[in-house]
Amino acid sequence: MRRDVLSLDQLLLGYAAGRLGTAESLVVAALLALNADARRAVEKFEAMGGRVIEEEDPADVCTSCLEEVLRRIAGSGPSPAPVRPSVCDDLPEPLRSLISSCAEEIELERWRHARGGARTRRLRANTERGLHVLEMPPGCAVPPHSHAGVEITLVLEGAYSDALGVHRKGDIAIVADERLVHSPTAGPEGCVCLVLTEGPLRFAAPVERIIGFIFRV
Amino acid sequence: MLSSFTIHPEKLAFTPALRLQNSMAQKTYHKIEDFQPEELLRAVGARQDRAAFVKLFAHYAPRVKSYLLKHGADDAAAEEIVQNTFVTVWEKARSFDPKKAAASTWIFTIARNKRIDALRREKFVEVNSDAPALAQAEQPADAAYADEDAVGRLAQALDDLPEEQARLLRMAFFEDKSHGAIAKETKIPLGTVKSRLRLGLEKLRHALSKETERK
C-alpha cells in the first residue's frame, strides 16, 4: 500500500465505478476483505457514485416497471444468503469464499510445482491476463525478473520482500515500471499471493530465461 | 454553515426549521421536503414497508435508469436492470447501514453490480460482508470510522473538492473516458488532467483519515 498510490487509487476507483472485469475485481474484492484502508477508499469513491445517481436527470420509467417489481417481491421477504459449497479448500480466505461465489466464471486449474518448493495454481477467468495463486515456502525466491505490462500482487498469507520493500498480508504491490527487476523472496512464515499479470515474466539471467516457464506466473 | 445541515437527516427530522434549510441545501432535486431516503430504506429493511419502498422507487428508479442509459444500455435493458436493482434493494434492505453509506450510495452499488452482470458477460466479484476474513478485520480497524458523522463528512469532502477536480473525477469515473479523451474534450492538457485527477483522488482518500487522526 505504500508504493504507487496513484495506480492503486485508479484500481480502486475502477472497482467503485464498475469498470473492472472478473480477474481484476476478484483481486480488489480480496484486497478489500483484508485491508480496511482500501475498503474506506472504495467507500469514498462509491459515495461519489451515489452523488452522481442523485444528480442524474430522471429518465422516464414505464409504469409497468414498478408493477413488475412489486409482483416479483410479493410474498418475498429479505432472502437469506445462499450457502455455497466450497470448491477450493486448500486456498486461504478470503479467496476461497470469493471463488466459491463465482465458481461458474473462474475455473481453477490444478497446482503446479515450481522451483524451491513453490507452487502455482492458475485461475482461469474470462481475461487475457494471467491470474495465479503463488505459494512460496519460507525463504523461497523467484529468480530476478521484470514484467511485460503491469503486475499486481496481493499478499493473502505471510509476507515477501523485493526491491520495493516488505509486503505483508493485506498489502498490494503494483509494479507498472517494466524496467523494474525484482526477486520476490518469501519471509520466515512463507507467503501466499494472488498475482495478476498482463504479460510474461522476463527473467534476467539467461539460464532462467530458458527454464523460466517453470515459474508460470 | 451549510455543512451542519446536510449531515443528519434523522436528527433533523425533529426540528422543522432546520429540516427546511436542509432540503434547501440539498439542491433542487429534493423538492419533497421530507424525503428521507435513509429512513425509508430502514423502514423497508426493518418491517418490509411497501409504501417506503415505492417512494424510494419513485425517486431513484428514473435516476438509476438515466445512469444505465449513459452506460450503453438500451431502453428495454435499462428497465430490466432497474427492476433487478430494486428487487435486490428489497431483498437486501436489512443489511443497509446508514452509518456506512448514504442511501444513494448503497443503491448505486447495487445498480452498478446489476449493470455489469447484465451488460457484460463477466462476473463482478463482490466483497461478501459475511466472509470470515472481513468480519475479523472489521472490528478494530473500522471502529473509528463507523461513527454517525462519517457519511456526512464524506458528503462534505465531496462538496469541498474544487469544481474542476470534481468534474474531471466524474468524467473519469462515470463515462468510462480515458485521460486522453478527457483532455481533448475539456481542452485541458493531458498532464494537467492527470495531476488534477490524482489530487482529487488523494483528497477523497484522505478526507476521513484526517478526521480520525484529530480524535
# chains A, B, ... in the order shown; residues from 1 in each chain; ligands from 1
call {"tool": "select_by_dssp", "arguments": {"residues": "stretch 19-202 of chain A", "states": "strand (DSSP E or B)", "output": "mmCIF file with C-alpha atoms, in the first residue's frame"}}
result
data_model
loop_
_atom_site.group_PDB
_atom_site.id
_atom_site.type_symbol
_atom_site.label_atom_id
_atom_site.label_comp_id
_atom_site.auth_asym_id
_atom_site.auth_seq_id
_atom_site.Cartn_x
_atom_site.Cartn_y
_atom_site.Cartn_z
ATOM 1 C CA GLU A 107 -12.039 -22.144 -13.348
ATOM 2 C CA LEU A 108 -9.356 -23.470 -11.049
ATOM 3 C CA GLU A 109 -6.507 -25.389 -12.625
ATOM 4 C CA ARG A 110 -4.527 -27.860 -10.579
ATOM 5 C CA TRP A 111 -1.433 -26.898 -8.592
ATOM 6 C CA ARG A 112 1.832 -26.936 -10.498
ATOM 7 C CA HIS A 113 5.087 -27.377 -8.679
ATOM 8 C CA ARG A 119 3.771 -23.995 -6.354
ATOM 9 C CA THR A 120 1.367 -22.039 -8.525
ATOM 10 C CA ARG A 121 -2.230 -22.502 -9.427
ATOM 11 C CA ARG A 122 -3.843 -20.747 -12.332
ATOM 12 C CA LEU A 123 -7.297 -19.236 -12.018
ATOM 13 C CA ARG A 124 -8.850 -19.130 -15.437
ATOM 14 C CA GLY A 130 -2.724 -14.204 -16.094
ATOM 15 C CA LEU A 131 -4.211 -14.784 -12.658
ATOM 16 C CA HIS A 132 -2.341 -17.133 -10.330
ATOM 17 C CA VAL A 133 -2.084 -18.095 -6.731
ATOM 18 C CA LEU A 134 1.596 -18.375 -5.821
ATOM 19 C CA GLU A 135 2.568 -20.263 -2.694
ATOM 20 C CA MET A 136 6.178 -19.980 -1.514
ATOM 21 C CA ALA A 141 12.759 -16.679 -4.032
ATOM 22 C CA HIS A 145 12.807 -10.777 -13.447
ATOM 23 C CA SER A 146 10.921 -7.851 -14.898
ATOM 24 C CA HIS A 147 7.442 -7.751 -16.389
ATOM 25 C CA GLU A 151 1.904 -6.826 -12.298
ATOM 26 C CA ILE A 152 -0.445 -6.653 -9.314
ATOM 27 C CA THR A 153 0.376 -8.799 -6.292
ATOM 28 C CA LEU A 154 -1.858 -9.160 -3.244
ATOM 29 C CA VAL A 155 -0.429 -10.898 -0.167
ATOM 30 C CA LEU A 156 -3.005 -13.350 1.234
ATOM 31 C CA GLU A 157 -0.832 -15.024 3.869
ATOM 32 C CA GLY A 158 2.640 -14.393 5.295
ATOM 33 C CA ALA A 159 4.962 -11.858 3.690
ATOM 34 C CA TYR A 160 7.549 -11.404 0.940
ATOM 35 C CA SER A 161 10.185 -8.814 0.207
ATOM 36 C CA ASP A 162 11.586 -7.453 -3.038
ATOM 37 C CA GLY A 165 10.279 -3.402 0.344
ATOM 38 C CA VAL A 166 8.410 -5.835 2.572
ATOM 39 C CA HIS A 167 4.855 -6.759 1.629
ATOM 40 C CA ARG A 168 2.660 -8.269 4.318
ATOM 41 C CA ILE A 172 -0.959 -4.890 -2.571
ATOM 42 C CA ALA A 173 2.031 -4.126 -4.793
ATOM 43 C CA ILE A 174 1.546 -2.672 -8.238
ATOM 44 C CA VAL A 175 4.582 -2.819 -10.499
ATOM 45 C CA HIS A 182 12.746 -7.754 -8.674
ATOM 46 C CA THR A 185 11.504 -13.657 -1.576
ATOM 47 C CA ALA A 186 9.189 -15.227 0.973
ATOM 48 C CA GLY A 187 9.607 -14.259 4.628
ATOM 49 C CA PRO A 188 10.088 -16.704 7.525
ATOM 50 C CA GLU A 189 6.409 -17.734 7.529
ATOM 51 C CA GLY A 190 6.319 -18.316 3.807
ATOM 52 C CA CYS A 191 3.897 -16.487 1.591
ATOM 53 C CA VAL A 192 0.712 -16.970 -0.404
ATOM 54 C CA CYS A 193 -0.061 -14.330 -3.027
ATOM 55 C CA LEU A 194 -2.647 -13.638 -5.661
ATOM 56 C CA VAL A 195 -0.832 -12.365 -8.754
ATOM 57 C CA LEU A 196 -2.352 -10.669 -11.785
ATOM 58 C CA THR A 197 -0.039 -10.162 -14.751
ATOM 59 C CA LEU A 201 7.881 -12.567 -16.890
ATOM 60 C CA ARG A 202 11.255 -11.639 -18.310
#
call {"tool": "select_by_dssp", "arguments": {"residues": "stretch 85-195 of chain A", "states": "helix (DSSP H, G or I)", "output": "MDAnalysis selection string"}}
result
chainID A and resid 95:101 115:117
call {"tool": "interface_residues", "arguments": {"of": "chain A", "to": "chain B", "cutoff": "8 Å", "atoms": "only C-alpha atoms", "output": "VMD selection string"}}
result
chain A and resid 6 9 13 to 14 16 to 22 25 to 26 29 to 30 32 to 36 40 to 41 43 to 62 65 to 66 68 to 69 72 to 73 76 to 79 93 to 94 97 to 98 101 to 102 105 126
call {"tool": "atom_distance", "arguments": {"atom1": "atom CA of A:Leu12", "atom2": "atom CA of A:Val42"}}
result
5.8 Å
call {"tool": "atom_distance", "arguments": {"atom1": "atom CA of A:Leu8", "atom2": "atom CA of A:Asp177"}}
result
14.0 Å
